[in-house]
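Following: one structure in structure tokens, then a few remarks.
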Amino acid sequence: MPQRLSLVARCLLTGLFAVTVLSPAVIAQQFPVTFVIKTVDPNIGKVCYAVITADVNNDARPDIVALSENRVVWYEAPAWTPHVILQDQLPLDHVTIAANDIDHDGHVDFAIGAGWTKTGTLHWIRRKQDPNGLWDVFAVGEETSVHRIRWADVLGKGSQQLVVSPLNASTGSGVRLLAFEIPESPTTQRWPATVLNADLNRMHNHWHLDFDANESVDTLTASREGISLIRKDGDGWSSLLLSKGKTGESDPNLNGAGEVKSGKLFNGRRFLATVEPMHGDSLVVYLEPQQPEGTWERTIIHDGFKRGHAVWTADFDGDGSDEIAFGHSDTPQKFGVMVFWSSKDNPAHWEKQTLDEGEMATEDLTVTDLTGDGIPDIVAGGRSTHNVRLYTAVRKAGGK
């Protein structure tokens with residue numbers, strides 16, 4: 001314990017966690033990691049829709065970037081000084097953001113999805129001479145109820161595309177999972193789009209991975225239909241249903257899944273972490289089948305909460321197995337952020353550590369090593385709590 005306290009004290013002395021008071025989270029004795037909480041922003045707006053990390057000022061360390069209904073703010077490491085770089089320049093509400101050097105000038109830019117409750121618009125923003133002032137806005141396209149965006153080379157062209165998953169049906173009975181390519185002149189030319197799938201509905205989120213280990217990028221989707229794998233198949237695209245998610249409800253919108261991430265266990269066996277259904281009350285883990293044609297083993301590891309809305313996987317304790325960071329927003333007085341870890345003896349058994357209870361109504365979270373110590377940290381953004389918080393991981397004495 002003295003060693004852990006000295007680490008925190010050093011953070012305070014070096015100004016790493018300046019400005020606000022730190023408080024230790026509730027910890028489970030079995031897990032060799034504790035998390036130190038810092039409020040980066042007590043009130044970013046009505047809702048903090050999304051949080052990501054990116055090196056905005058090219059100082060070789062990641063900064064925090066957060067999206068509210070009408071603003072983009074980047075918080076400069078290590079003091080997390082706020083800089084508003086977008087305000088009231090896009091249709092309400094902003095809902096999703098992703099970082100990339102779009103114009104290849106050596107500086108990070110951001111793609112943004114906005115107006116998602118109405119038409120749905122896609123934009124990208126580029127810094128002016130002063131990176132701390134408001135940035136310039138350019139159009140990418142439109143898509144009804146745009147909801148999540150991520151960069152990935154799903155087309156296999158050697159450069160990343162902006163992959164977009166709308167929430168509600170935009171063509172017939174399904175949404176269009178789209179991949180927008182960056183044109184030669186992204187400020188003036190149309191961004192061509194490829195439809196990867198148009199058969200799924202209520203697609204709340206998606207995730208990219210090399211599912212087949214064949215050096216191609218595939219896409220996992222979480223939708224009303226469940227967890228699907230979308231991948232390139234010759235000149236077209238195929239869809240494989242891995243799990244139906246939650247089933248049995250007469251209302252189809254109460255079935256399926258709403259979040260999905262992938263991880264791996266001690267022995268290299270993969271798992272999927274989901275929230276079921278969309279905005280659901282169950283955190284679920286699927287273990288990869290031992291045989292290629294087998295069924296993914298489904299286990300509910302936590303339930304009873306309201307509006308689960310954020311999942312990530314990372315190896316916080318350095319033991320070679322990924323843990324699950326999870327957040328929910330609408331459970332009275334008990335919303336917050338948690339970390340789950342699996343048992344070496346029984347990979348279907350998971351333990352829970354609560355990091356924050358009642359002060360972070362989690363709308364989104366992301367995981368990155370923000371302090372350069374090789375240990376992943378958590379950043380979360382709040383819905384009804386309106387805040388942005390950093391959960392810095394510190395391994396206890398004896399941890400790896």
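Following the order of the structure tokens, first chain is A, next is B, and so on, with residues numbered from 1 inside each chain and ligands from 1 in the order they appear.
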Can you check which residues of segment 184-340 of chain A DSSP gives as strand (DSSP E) on the backbone and send them as a PyMOL selection string? chain A and resi 193-197+205-209+218-223+226-233+236-243+259-264+270-276+282-287+297-303+308-314+323-328+336-340
List as a tab-separated table every residue of segment 85-145 of chain A that is in contact with segment 35-55 of chain A, defined as an atom at most 8 Å from one of its atoms (using only C-alpha atoms), together with the nearest atom pair and the distance in Å rounded to one decimal, sorted by chain and then rising number.
residue	atom	partner	partner_atom	distance
A:His94	CA	A:Tyr49	CA	7.3
A:Val95	CA	A:Tyr49	CA	5.4
A:Thr96	CA	A:Ala50	CA	5.9
A:Ile97	CA	A:Ala50	CA	6.9
A:Ala98	CA	A:Ile52	CA	7.3
A:Ala99	CA	A:Ala54	CA	6.8
A:Val108	CA	A:Asp55	CA	7.2
Separation of atom CA of Asp322 of chain A from atom CA of Leu200 of chain A in Å: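 Taking atom CA of Leu200 of chain A as the start and atom CA of Asp322 of chain A as the end point, the length is 29.0 Å.
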Excluding segment 182-199 of chain A and residues on its chain fewer than 4 positions from it, collect all residues at most 8 Å away from it, counting only C-alpha atoms, and give them as a count of residues only. 18
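Between atom CA of Val337 of chain A and atom CA of Ser282 of chain A lies a distance of 14.5 Å.
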Give the answer as one residue: which of A:Ala273, A:Ala179, A:Leu355, A:Ile227 has the shortest atom-to-atom distance to Tyr391 of chain A, using only C-alpha atoms? A:Leu355
Atom-to-atom span, atom CA of Asp88 of chain A and atom CA of Asn57 of chain A, Å: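 Separation of atom CA of Asp88 of chain A and atom CA of Asn57 of chain A: 22.8 Å.
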Closest of A:Gly336, A:Gly234, A:Gly318, A:Gly226 to Thr247 of chain A - atom-to-atom distances counting only C-alpha atoms: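 Smallest distance to Thr247 of chain A is found for A:Gly226.
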Residues of segment 197-240 of chain A that approach segment 287-308 of chain A to 12 Å or less, counting only C-alpha atoms: could you list each one with the shortest pair of atoms and its distance in Å to one decimal, rows by chain and increasing residue number, as a Markdown table?
| residue | atom | partner | partner_atom | distance |
| --- | --- | --- | --- | --- |
| A:His204 | CA | A:Gly308 | CA | 11.7 |
| A:Phe211 | CA | A:Glu288 | CA | 11.2 |
| A:Asp212 | CA | A:Pro292 | CA | 10.5 |
| A:Ile227 | CA | A:Trp296 | CA | 10.8 |
| A:Leu240 | CA | A:Glu293 | CA | 11.7 |
Pick out the closest residue to Ile125 of chain A from this set: A:Leu67, A:Val73, A:Ile112, A:Ala348. Count only C-alpha atoms.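 Once distances to Ile125 of chain A are computed over only C-alpha atoms, the minimum belongs to A:Ile112.
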Hey, what's within 7 Å of Glu76 of chain A if we count only C-alpha atoms and toss same-chain stuff fewer than 3 positions away? As a PDB file with N, CA and C atoms, in the first residue's frame, please?
ATOM      1  N   ASP A  63      -3.933  13.270 -25.984  1.00  0.00           N
ATOM      2  CA  ASP A  63      -4.827  14.193 -25.303  1.00  0.00           C
ATOM      3  C   ASP A  63      -6.226  13.581 -25.266  1.00  0.00           C
ATOM      4  N   ILE A  64      -7.109  14.170 -24.482  1.00  0.00           N
ATOM      5  CA  ILE A  64      -8.503  13.730 -24.404  1.00  0.00           C
ATOM      6  C   ILE A  64      -9.349  14.649 -25.278  1.00  0.00           C
ATOM      7  N   ALA A  79      -1.953  18.581 -18.010  1.00  0.00           N
ATOM      8  CA  ALA A  79      -2.825  19.282 -17.063  1.00  0.00           C
ATOM      9  C   ALA A  79      -4.280  19.237 -17.488  1.00  0.00           C
ATOM     10  N   TRP A  80      -4.548  18.723 -18.700  1.00  0.00           N
ATOM     11  CA  TRP A  80      -5.892  18.606 -19.255  1.00  0.00           C
ATOM     12  C   TRP A  80      -6.564  19.978 -19.399  1.00  0.00           C
ATOM     13  N   THR A  81      -5.769  20.921 -19.934  1.00  0.00           N
ATOM     14  CA  THR A  81      -6.273  22.260 -20.216  1.00  0.00           C
ATOM     15  C   THR A  81      -7.292  22.200 -21.352  1.00  0.00           C
ATOM     16  N   PRO A  82      -8.498  22.744 -21.181  1.00  0.00           N
ATOM     17  CA  PRO A  82      -9.525  22.633 -22.225  1.00  0.00           C
ATOM     18  C   PRO A  82      -9.341  23.651 -23.346  1.00  0.00           C
TER      19      PRO A  82
END
